[in-house]
file start_34.txt (compact mmCIF, N, CA and C atoms and all ligand atoms)
# COMPACT_ATOMS: atom_id res chain seq x y z
N PRO A 1 18.37 -18.92 -6.53
CA PRO A 1 17.71 -18.73 -5.23
C PRO A 1 17.70 -20.03 -4.43
N PRO A 2 17.61 -19.93 -3.07
CA PRO A 2 17.59 -21.15 -2.26
C PRO A 2 16.28 -21.91 -2.48
N PRO A 3 16.30 -23.23 -2.29
CA PRO A 3 15.07 -24.00 -2.48
C PRO A 3 14.03 -23.62 -1.44
N CYS A 4 12.76 -23.70 -1.81
CA CYS A 4 11.70 -23.36 -0.87
C CYS A 4 11.55 -24.43 0.18
N SER A 5 11.11 -23.99 1.37
CA SER A 5 10.92 -24.91 2.48
C SER A 5 9.86 -25.96 2.16
N PRO A 6 10.10 -27.22 2.55
CA PRO A 6 9.05 -28.23 2.39
C PRO A 6 7.86 -27.96 3.30
N GLU A 7 8.05 -27.07 4.28
CA GLU A 7 6.93 -26.71 5.18
C GLU A 7 5.90 -25.84 4.46
N LEU A 8 6.31 -25.25 3.35
CA LEU A 8 5.40 -24.33 2.66
C LEU A 8 4.13 -25.07 2.23
N PRO A 9 2.97 -24.54 2.61
CA PRO A 9 1.74 -25.21 2.21
C PRO A 9 1.64 -25.25 0.68
N THR A 10 1.19 -26.36 0.17
CA THR A 10 1.06 -26.46 -1.28
C THR A 10 -0.14 -25.65 -1.72
N GLU A 11 -0.12 -25.26 -2.96
CA GLU A 11 -1.23 -24.55 -3.57
C GLU A 11 -1.57 -23.27 -2.82
N VAL A 12 -0.59 -22.45 -2.69
CA VAL A 12 -0.78 -21.16 -2.02
C VAL A 12 -1.69 -20.27 -2.87
N GLN A 13 -2.77 -19.77 -2.27
CA GLN A 13 -3.71 -18.89 -2.97
C GLN A 13 -3.32 -17.42 -2.79
N LYS A 14 -2.75 -17.16 -1.61
CA LYS A 14 -2.45 -15.77 -1.28
C LYS A 14 -1.53 -15.77 -0.07
N ALA A 15 -0.65 -14.79 -0.02
CA ALA A 15 0.23 -14.67 1.14
C ALA A 15 0.53 -13.21 1.39
N GLY A 16 0.68 -12.86 2.65
CA GLY A 16 1.01 -11.48 2.96
C GLY A 16 1.00 -11.22 4.45
N GLN A 17 1.35 -10.00 4.79
CA GLN A 17 1.43 -9.61 6.19
C GLN A 17 0.11 -9.01 6.66
N LEU A 18 -0.38 -9.48 7.78
CA LEU A 18 -1.60 -8.94 8.37
C LEU A 18 -1.43 -8.82 9.88
N ASN A 19 -2.20 -7.92 10.46
CA ASN A 19 -2.32 -7.91 11.92
C ASN A 19 -3.37 -8.93 12.30
N ARG A 20 -3.10 -9.65 13.37
CA ARG A 20 -4.10 -10.66 13.74
C ARG A 20 -4.11 -10.85 15.25
N THR A 21 -5.26 -11.31 15.72
CA THR A 21 -5.39 -11.74 17.11
C THR A 21 -6.40 -12.87 17.17
N LYS A 22 -6.13 -13.79 18.06
CA LYS A 22 -7.10 -14.85 18.32
C LYS A 22 -8.01 -14.35 19.43
N ILE A 23 -9.32 -14.50 19.26
CA ILE A 23 -10.22 -13.98 20.29
C ILE A 23 -11.03 -15.07 20.97
N ALA A 24 -10.99 -16.30 20.43
CA ALA A 24 -11.66 -17.41 21.12
C ALA A 24 -10.97 -18.72 20.75
N GLU A 25 -11.00 -19.62 21.69
CA GLU A 25 -10.41 -20.95 21.52
C GLU A 25 -11.44 -21.96 22.01
N GLY A 26 -11.91 -22.78 21.10
CA GLY A 26 -12.91 -23.79 21.47
C GLY A 26 -14.15 -23.17 22.09
N GLY A 27 -14.53 -21.97 21.57
CA GLY A 27 -15.72 -21.30 22.09
C GLY A 27 -15.48 -20.46 23.33
N ARG A 28 -14.29 -20.57 23.90
CA ARG A 28 -13.98 -19.76 25.09
C ARG A 28 -13.28 -18.47 24.68
N LYS A 29 -13.80 -17.37 25.17
CA LYS A 29 -13.26 -16.07 24.83
C LYS A 29 -11.83 -15.91 25.36
N LEU A 30 -10.97 -15.34 24.56
CA LEU A 30 -9.59 -15.08 24.97
C LEU A 30 -9.37 -13.57 25.07
N ARG A 31 -8.37 -13.20 25.83
CA ARG A 31 -7.98 -11.80 25.85
C ARG A 31 -7.26 -11.48 24.54
N LYS A 32 -7.65 -10.36 23.94
CA LYS A 32 -7.04 -9.96 22.68
C LYS A 32 -5.56 -9.65 22.84
N SER A 33 -4.78 -10.07 21.88
CA SER A 33 -3.39 -9.68 21.83
C SER A 33 -2.98 -9.56 20.35
N TRP A 34 -3.02 -8.34 19.84
CA TRP A 34 -2.74 -8.12 18.42
C TRP A 34 -1.26 -8.31 18.14
N GLY A 35 -0.95 -8.89 17.01
CA GLY A 35 0.44 -9.04 16.56
C GLY A 35 0.47 -9.12 15.05
N VAL A 36 1.68 -9.04 14.51
CA VAL A 36 1.84 -9.12 13.06
C VAL A 36 2.19 -10.55 12.69
N SER A 37 1.52 -11.06 11.69
CA SER A 37 1.84 -12.40 11.19
C SER A 37 2.00 -12.37 9.68
N TRP A 38 2.79 -13.31 9.21
CA TRP A 38 2.79 -13.59 7.78
C TRP A 38 1.74 -14.67 7.57
N VAL A 39 0.76 -14.37 6.73
CA VAL A 39 -0.40 -15.25 6.59
C VAL A 39 -0.40 -15.87 5.20
N VAL A 40 -0.57 -17.17 5.15
CA VAL A 40 -0.61 -17.89 3.88
C VAL A 40 -1.96 -18.59 3.77
N LEU A 41 -2.66 -18.29 2.69
CA LEU A 41 -3.92 -18.98 2.40
C LEU A 41 -3.60 -20.14 1.46
N ALA A 42 -3.76 -21.35 1.97
CA ALA A 42 -3.47 -22.54 1.18
C ALA A 42 -4.78 -23.16 0.72
N ARG A 43 -4.73 -24.37 0.22
CA ARG A 43 -5.92 -24.99 -0.37
C ARG A 43 -7.08 -25.11 0.62
N ASN A 44 -6.79 -25.58 1.82
CA ASN A 44 -7.84 -25.85 2.81
C ASN A 44 -7.67 -25.06 4.10
N SER A 45 -6.64 -24.28 4.18
CA SER A 45 -6.32 -23.71 5.48
C SER A 45 -5.66 -22.34 5.37
N LEU A 46 -5.70 -21.67 6.49
CA LEU A 46 -5.01 -20.40 6.65
C LEU A 46 -3.87 -20.68 7.63
N VAL A 47 -2.66 -20.34 7.24
CA VAL A 47 -1.49 -20.69 8.04
C VAL A 47 -0.78 -19.42 8.48
N PHE A 48 -0.47 -19.37 9.76
CA PHE A 48 0.20 -18.19 10.32
C PHE A 48 1.66 -18.49 10.59
N TYR A 49 2.52 -17.58 10.13
CA TYR A 49 3.95 -17.66 10.41
C TYR A 49 4.35 -16.42 11.18
N LYS A 50 5.40 -16.57 11.98
CA LYS A 50 6.00 -15.37 12.56
C LYS A 50 6.48 -14.49 11.43
N GLU A 51 6.32 -13.22 11.61
CA GLU A 51 6.73 -12.31 10.55
C GLU A 51 8.21 -12.48 10.25
N PRO A 52 8.57 -12.60 8.95
CA PRO A 52 9.99 -12.73 8.65
C PRO A 52 10.75 -11.49 9.07
N LYS A 53 11.95 -11.69 9.55
CA LYS A 53 12.78 -10.54 9.92
C LYS A 53 13.26 -9.85 8.65
N GLY A 54 13.45 -8.55 8.76
CA GLY A 54 13.92 -7.80 7.61
C GLY A 54 12.79 -7.50 6.67
N PRO A 55 13.11 -7.02 5.49
CA PRO A 55 12.06 -6.65 4.54
C PRO A 55 11.23 -7.86 4.12
N ALA A 56 9.95 -7.66 3.93
CA ALA A 56 9.08 -8.75 3.53
C ALA A 56 9.52 -9.29 2.17
N PRO A 57 9.67 -10.60 2.09
CA PRO A 57 10.10 -11.17 0.82
C PRO A 57 8.99 -11.09 -0.23
N ALA A 58 9.37 -10.93 -1.47
CA ALA A 58 8.39 -10.91 -2.56
C ALA A 58 7.75 -12.28 -2.68
N THR A 59 8.55 -13.31 -2.47
CA THR A 59 8.04 -14.67 -2.49
C THR A 59 8.34 -15.29 -1.14
N TRP A 60 7.38 -16.01 -0.61
CA TRP A 60 7.59 -16.64 0.69
C TRP A 60 8.37 -17.92 0.48
N CYS A 61 9.61 -17.89 0.89
CA CYS A 61 10.45 -19.05 0.66
C CYS A 61 11.42 -19.21 1.82
N PRO A 62 10.89 -19.44 3.02
CA PRO A 62 11.77 -19.44 4.19
C PRO A 62 12.55 -20.74 4.28
N ALA A 63 13.81 -20.63 4.59
CA ALA A 63 14.63 -21.83 4.73
C ALA A 63 14.27 -22.57 6.01
N SER A 64 13.90 -21.83 7.05
CA SER A 64 13.83 -22.47 8.37
C SER A 64 12.53 -22.18 9.11
N SER A 65 11.60 -21.55 8.45
CA SER A 65 10.40 -21.13 9.17
C SER A 65 9.38 -22.27 9.28
N ARG A 66 8.79 -22.37 10.45
CA ARG A 66 7.68 -23.31 10.65
C ARG A 66 6.44 -22.51 10.98
N PRO A 67 5.28 -23.01 10.58
CA PRO A 67 4.07 -22.28 10.92
C PRO A 67 3.89 -22.18 12.43
N GLU A 68 3.39 -21.05 12.88
CA GLU A 68 2.99 -20.89 14.29
C GLU A 68 1.72 -21.67 14.56
N SER A 69 0.79 -21.55 13.60
CA SER A 69 -0.48 -22.25 13.75
C SER A 69 -1.18 -22.28 12.41
N SER A 70 -2.20 -23.11 12.35
CA SER A 70 -2.89 -23.33 11.09
C SER A 70 -4.39 -23.48 11.39
N VAL A 71 -5.21 -22.91 10.53
CA VAL A 71 -6.65 -22.89 10.74
C VAL A 71 -7.33 -23.67 9.61
N ASP A 72 -8.10 -24.67 9.96
CA ASP A 72 -8.84 -25.44 8.96
C ASP A 72 -10.06 -24.63 8.54
N LEU A 73 -10.17 -24.35 7.25
CA LEU A 73 -11.25 -23.48 6.77
C LEU A 73 -12.53 -24.23 6.41
N ARG A 74 -12.51 -25.55 6.51
CA ARG A 74 -13.73 -26.31 6.17
C ARG A 74 -14.84 -25.98 7.18
N GLY A 75 -15.95 -25.47 6.68
CA GLY A 75 -17.07 -25.12 7.56
C GLY A 75 -16.90 -23.82 8.30
N ALA A 76 -15.83 -23.10 8.01
CA ALA A 76 -15.58 -21.84 8.71
C ALA A 76 -16.52 -20.74 8.20
N ALA A 77 -16.58 -19.65 8.94
CA ALA A 77 -17.42 -18.51 8.55
C ALA A 77 -16.60 -17.23 8.64
N LEU A 78 -16.82 -16.36 7.67
CA LEU A 78 -16.09 -15.09 7.65
C LEU A 78 -17.07 -13.93 7.57
N ASP A 79 -16.87 -12.95 8.43
CA ASP A 79 -17.70 -11.75 8.43
C ASP A 79 -16.83 -10.53 8.65
N TRP A 80 -17.41 -9.35 8.40
CA TRP A 80 -16.75 -8.12 8.83
C TRP A 80 -16.94 -8.00 10.33
N ALA A 81 -15.88 -7.58 11.01
CA ALA A 81 -15.88 -7.53 12.48
C ALA A 81 -16.37 -6.17 12.94
N ARG A 82 -17.66 -5.92 12.76
CA ARG A 82 -18.16 -4.56 12.99
C ARG A 82 -18.08 -4.13 14.45
N HIS A 83 -18.42 -5.03 15.37
CA HIS A 83 -18.49 -4.61 16.78
C HIS A 83 -17.41 -5.26 17.63
N LEU A 84 -16.43 -5.85 16.98
CA LEU A 84 -15.44 -6.63 17.74
C LEU A 84 -14.11 -5.91 17.91
N SER A 85 -13.98 -4.77 17.26
CA SER A 85 -12.71 -4.04 17.35
C SER A 85 -12.94 -2.58 17.04
N SER A 86 -12.11 -1.73 17.61
CA SER A 86 -12.16 -0.31 17.28
C SER A 86 -11.33 -0.02 16.03
N LYS A 87 -10.57 -1.03 15.58
CA LYS A 87 -9.76 -0.81 14.38
C LYS A 87 -10.62 -0.85 13.12
N LYS A 88 -10.07 -0.27 12.05
CA LYS A 88 -10.73 -0.32 10.75
C LYS A 88 -10.27 -1.56 10.00
N ASN A 89 -11.08 -1.97 9.03
CA ASN A 89 -10.67 -3.02 8.09
C ASN A 89 -10.36 -4.34 8.80
N VAL A 90 -11.30 -4.79 9.60
CA VAL A 90 -11.11 -6.02 10.38
C VAL A 90 -12.10 -7.08 9.92
N ILE A 91 -11.59 -8.28 9.67
CA ILE A 91 -12.47 -9.41 9.38
C ILE A 91 -12.41 -10.42 10.52
N HIS A 92 -13.50 -11.16 10.66
CA HIS A 92 -13.70 -12.08 11.79
C HIS A 92 -13.88 -13.49 11.23
N LEU A 93 -12.97 -14.36 11.58
CA LEU A 93 -13.01 -15.74 11.09
C LEU A 93 -13.35 -16.68 12.23
N ARG A 94 -14.36 -17.53 12.01
CA ARG A 94 -14.77 -18.52 13.02
C ARG A 94 -14.65 -19.92 12.44
N THR A 95 -14.00 -20.80 13.14
CA THR A 95 -13.87 -22.17 12.67
C THR A 95 -14.96 -23.05 13.28
N VAL A 96 -15.15 -24.25 12.72
CA VAL A 96 -16.16 -25.17 13.27
C VAL A 96 -15.81 -25.57 14.70
N THR A 97 -14.54 -25.50 15.06
CA THR A 97 -14.12 -25.91 16.40
C THR A 97 -14.24 -24.77 17.42
N GLY A 98 -14.77 -23.63 16.98
CA GLY A 98 -14.97 -22.53 17.93
C GLY A 98 -13.74 -21.69 18.18
N ASN A 99 -12.80 -21.76 17.25
CA ASN A 99 -11.67 -20.83 17.32
C ASN A 99 -12.03 -19.60 16.49
N GLU A 100 -11.71 -18.42 17.03
CA GLU A 100 -12.05 -17.18 16.34
C GLU A 100 -10.84 -16.27 16.25
N PHE A 101 -10.71 -15.64 15.10
CA PHE A 101 -9.59 -14.76 14.82
C PHE A 101 -10.08 -13.45 14.23
N LEU A 102 -9.38 -12.38 14.54
CA LEU A 102 -9.56 -11.13 13.82
C LEU A 102 -8.31 -10.89 12.99
N LEU A 103 -8.52 -10.46 11.75
CA LEU A 103 -7.42 -10.13 10.84
C LEU A 103 -7.63 -8.70 10.36
N GLN A 104 -6.56 -7.94 10.33
CA GLN A 104 -6.70 -6.51 10.04
C GLN A 104 -5.55 -6.03 9.16
N SER A 105 -5.89 -5.09 8.27
CA SER A 105 -4.86 -4.38 7.51
C SER A 105 -5.22 -2.90 7.51
N ASP A 106 -4.22 -2.06 7.55
CA ASP A 106 -4.50 -0.62 7.44
C ASP A 106 -4.95 -0.24 6.04
N HIS A 107 -4.70 -1.13 5.09
CA HIS A 107 -5.10 -0.86 3.70
C HIS A 107 -6.41 -1.57 3.41
N GLU A 108 -7.43 -0.77 3.14
CA GLU A 108 -8.78 -1.31 2.93
C GLU A 108 -8.79 -2.32 1.78
N ALA A 109 -8.10 -1.99 0.69
CA ALA A 109 -8.12 -2.89 -0.47
C ALA A 109 -7.51 -4.25 -0.11
N THR A 110 -6.49 -4.22 0.72
CA THR A 110 -5.82 -5.46 1.11
C THR A 110 -6.76 -6.38 1.87
N ILE A 111 -7.52 -5.83 2.82
CA ILE A 111 -8.39 -6.70 3.62
C ILE A 111 -9.57 -7.19 2.77
N HIS A 112 -10.00 -6.35 1.81
CA HIS A 112 -11.05 -6.81 0.89
C HIS A 112 -10.56 -7.99 0.05
N GLU A 113 -9.33 -7.92 -0.41
CA GLU A 113 -8.76 -9.03 -1.19
C GLU A 113 -8.68 -10.30 -0.35
N TRP A 114 -8.25 -10.14 0.89
CA TRP A 114 -8.18 -11.31 1.79
C TRP A 114 -9.56 -11.88 2.05
N ALA A 115 -10.53 -11.00 2.30
CA ALA A 115 -11.89 -11.47 2.59
C ALA A 115 -12.42 -12.28 1.40
N ARG A 116 -12.22 -11.75 0.19
CA ARG A 116 -12.71 -12.45 -0.99
C ARG A 116 -11.99 -13.80 -1.15
N ALA A 117 -10.68 -13.80 -0.97
CA ALA A 117 -9.91 -15.03 -1.17
C ALA A 117 -10.28 -16.10 -0.13
N ILE A 118 -10.45 -15.69 1.12
CA ILE A 118 -10.81 -16.66 2.18
C ILE A 118 -12.23 -17.19 1.93
N ARG A 119 -13.15 -16.29 1.56
CA ARG A 119 -14.53 -16.73 1.26
C ARG A 119 -14.55 -17.71 0.10
N ASP A 120 -13.74 -17.45 -0.92
CA ASP A 120 -13.68 -18.36 -2.07
C ASP A 120 -13.27 -19.76 -1.62
N VAL A 121 -12.28 -19.82 -0.74
CA VAL A 121 -11.83 -21.14 -0.24
C VAL A 121 -12.93 -21.80 0.58
N ILE A 122 -13.56 -21.04 1.47
CA ILE A 122 -14.64 -21.61 2.30
C ILE A 122 -15.77 -22.13 1.41
N HIS A 123 -16.15 -21.35 0.41
CA HIS A 123 -17.25 -21.77 -0.48
C HIS A 123 -16.87 -23.01 -1.29
N ARG A 124 -15.64 -23.05 -1.76
CA ARG A 124 -15.20 -24.22 -2.52
C ARG A 124 -15.24 -25.47 -1.62
N LEU A 125 -14.79 -25.31 -0.36
CA LEU A 125 -14.79 -26.46 0.56
C LEU A 125 -16.22 -26.89 0.88
N ASP A 126 -17.16 -25.93 0.96
CA ASP A 126 -18.58 -26.25 1.19
C ASP A 126 -19.12 -27.15 0.08
N LEU A 127 -18.61 -26.96 -1.13
CA LEU A 127 -19.13 -27.71 -2.28
C LEU A 127 -18.49 -29.07 -2.45
N GLU A 128 -17.41 -29.31 -1.75
CA GLU A 128 -16.68 -30.58 -1.92
C GLU A 128 -17.38 -31.74 -1.20
O1 LIG B 201 -12.05 -5.59 22.61
P1 LIG B 201 -11.12 -4.94 23.59
O2 LIG B 201 -10.94 -5.71 24.84
O3 LIG B 201 -11.43 -3.49 23.81
O4 LIG B 201 -9.70 -5.02 22.90
C1 LIG B 201 -8.62 -4.15 23.14
C2 LIG B 201 -7.73 -4.70 24.22
O5 LIG B 201 -7.42 -6.05 23.96
C3 LIG B 201 -6.43 -3.95 24.32
O6 LIG B 201 -5.56 -4.60 25.22
P2 LIG B 201 -5.54 -4.32 26.79
O7 LIG B 201 -6.88 -4.71 27.29
O8 LIG B 201 -4.44 -5.23 27.26
O9 LIG B 201 -5.23 -2.89 26.99
C4 LIG B 201 -5.72 -3.85 22.99
O10 LIG B 201 -4.55 -3.10 23.12
C5 LIG B 201 -6.63 -3.26 21.95
O11 LIG B 201 -5.94 -3.22 20.71
C6 LIG B 201 -7.92 -4.00 21.83
O12 LIG B 201 -8.87 -3.36 21.03
P3 LIG B 201 -9.01 -3.22 19.47
O13 LIG B 201 -10.22 -2.34 19.37
O14 LIG B 201 -7.74 -2.58 19.01
O15 LIG B 201 -9.24 -4.53 18.80
call {"tool": "encode", "arguments": {"input": "start_34.txt", "output": "C-alpha cells", "more": "lines below"}}
Ligand code: I3S
result
Amino acid sequence: PPPCSPELPTEVQKAGQLNRTKIAEGGRKLRKSWGVSWVVLARNSLVFYKEPKGPAPATWCPASSRPESSVDLRGAALDWARHLSSKKNVIHLRTVTGNEFLLQSDHEATIHEWARAIRDVIHRLDLE
C-alpha cells in the first residue's frame, strides 16, 4: 500500500464520514450549510477533510489530502443538539473560541460512538 500522508494527525482515535455544518464563528452566528466531511478525531483535535472521492477507504491514508479545518477540543463542550436542527442524531460542539459545529449521522449508533469518543477526549484534556 502507498505510504500514509504526513498530514495525517497522529494518534487517531476515530475516523469516519459525518454530515456537518458550522453554525458560529467566534460567537457570531453563521448561516447553516450542511455538507459531508471525513472527520478524524486525533489526540487534541477534531479534523475535517473533504470527503474522499469514490468509496470510503477502510483506512484513511490519503496521498494528497489536506485538512479543510481543525478544531481544538481543549475546553470544548459537547451536547445533543435538541433545538438546533430538525435532523435526527445531531451533536453540538462548542469550542472555547466560540466556534460551533453540528455533526450528524443517519445512524444513531454512529453518532453515539462519536459523542462518546469526543467527550472522552474533552475530559482527558480537562484533566491535563
Ligand atoms: O436552523 P435552520 O435555519 O432552520 O436551518 C436550515 C437551513 O439552514 C436550511 O437552509 P436554507 O435556509 O438555505 O434553506 C438548510 O437546508 C436546513 O438543512 C437547515 O435545517 P436543519 O434542521 O436541517 O439543520
call {"tool": "select_by_dssp", "arguments": {"input": "start_34.txt", "residues": "chain A", "states": "alpha helix (DSSP H)", "output": "short mmCIF file (atom, residue, chain, number, x, y, z; two decimals) with N, CA and C atoms, keeping the file's coordinate frame"}}
result
data_model
loop_
_atom_site.label_atom_id
_atom_site.label_comp_id
_atom_site.auth_asym_id
_atom_site.auth_seq_id
_atom_site.Cartn_x
_atom_site.Cartn_y
_atom_site.Cartn_z
N GLU A 108 -7.43 -0.77 3.14
CA GLU A 108 -8.78 -1.31 2.93
C GLU A 108 -8.79 -2.32 1.78
N ALA A 109 -8.10 -1.99 0.69
CA ALA A 109 -8.12 -2.89 -0.47
C ALA A 109 -7.51 -4.25 -0.11
N THR A 110 -6.49 -4.22 0.72
CA THR A 110 -5.82 -5.46 1.11
C THR A 110 -6.76 -6.38 1.87
N ILE A 111 -7.52 -5.83 2.82
CA ILE A 111 -8.39 -6.70 3.62
C ILE A 111 -9.57 -7.19 2.77
N HIS A 112 -10.00 -6.35 1.81
CA HIS A 112 -11.05 -6.81 0.89
C HIS A 112 -10.56 -7.99 0.05
N GLU A 113 -9.33 -7.92 -0.41
CA GLU A 113 -8.76 -9.03 -1.19
C GLU A 113 -8.68 -10.30 -0.35
N TRP A 114 -8.25 -10.14 0.89
CA TRP A 114 -8.18 -11.31 1.79
C TRP A 114 -9.56 -11.88 2.05
N ALA A 115 -10.53 -11.00 2.30
CA ALA A 115 -11.89 -11.47 2.59
C ALA A 115 -12.42 -12.28 1.40
N ARG A 116 -12.22 -11.75 0.19
CA ARG A 116 -12.71 -12.45 -0.99
C ARG A 116 -11.99 -13.80 -1.15
N ALA A 117 -10.68 -13.80 -0.97
CA ALA A 117 -9.91 -15.03 -1.17
C ALA A 117 -10.28 -16.10 -0.13
N ILE A 118 -10.45 -15.69 1.12
CA ILE A 118 -10.81 -16.66 2.18
C ILE A 118 -12.23 -17.19 1.93
N ARG A 119 -13.15 -16.29 1.56
CA ARG A 119 -14.53 -16.73 1.26
C ARG A 119 -14.55 -17.71 0.10
N ASP A 120 -13.74 -17.45 -0.92
CA ASP A 120 -13.68 -18.36 -2.07
C ASP A 120 -13.27 -19.76 -1.62
N VAL A 121 -12.28 -19.82 -0.74
CA VAL A 121 -11.83 -21.14 -0.24
C VAL A 121 -12.93 -21.80 0.58
N ILE A 122 -13.56 -21.04 1.47
CA ILE A 122 -14.64 -21.61 2.30
C ILE A 122 -15.77 -22.13 1.41
N HIS A 123 -16.15 -21.35 0.41
CA HIS A 123 -17.25 -21.77 -0.48
C HIS A 123 -16.87 -23.01 -1.29
N ARG A 124 -15.64 -23.05 -1.76
CA ARG A 124 -15.20 -24.22 -2.52
C ARG A 124 -15.24 -25.47 -1.62
N LEU A 125 -14.79 -25.31 -0.36
CA LEU A 125 -14.79 -26.46 0.56
C LEU A 125 -16.22 -26.89 0.88
N ASP A 126 -17.16 -25.93 0.96
CA ASP A 126 -18.58 -26.25 1.19
C ASP A 126 -19.12 -27.15 0.08
N LEU A 127 -18.61 -26.96 -1.13
CA LEU A 127 -19.13 -27.71 -2.28
C LEU A 127 -18.49 -29.07 -2.45
#
call {"tool": "residues_near_ligand", "arguments": {"input": "start_34.txt", "ligand": "ligand LIG 201 (chain B)", "cutoff": "6 Å", "atoms": "only N, CA and C atoms and all ligand atoms", "output": "list in words"}}
result
Arg31, Lys32, Ser33, Trp34, Leu84, Ser85, Ser86 and Lys87 of chain A
call {"tool": "atom_distance", "arguments": {"input": "start_34.txt", "atom1": "CA of Val90 (chain A)", "atom2": "CA of Arg124 (chain A)"}}
result
22.7 Å
call {"tool": "closest_residue", "arguments": {"input": "start_34.txt", "among": "A:Gly35, A:Gly27, A:Ser70, A:Ile118", "to": "Val47 (chain A)", "atoms": "only N, CA and C atoms"}}
result
A:Ser70
call {"tool": "select_by_dssp", "arguments": {"input": "start_34.txt", "residues": "chain A", "states": "strand (DSSP E)", "output": "NGL selection string"}}
result
:A and (14-25 or 28-29 or 35-41 or 45-50 or 69-72 or 77-80 or 90-94 or 100-104)
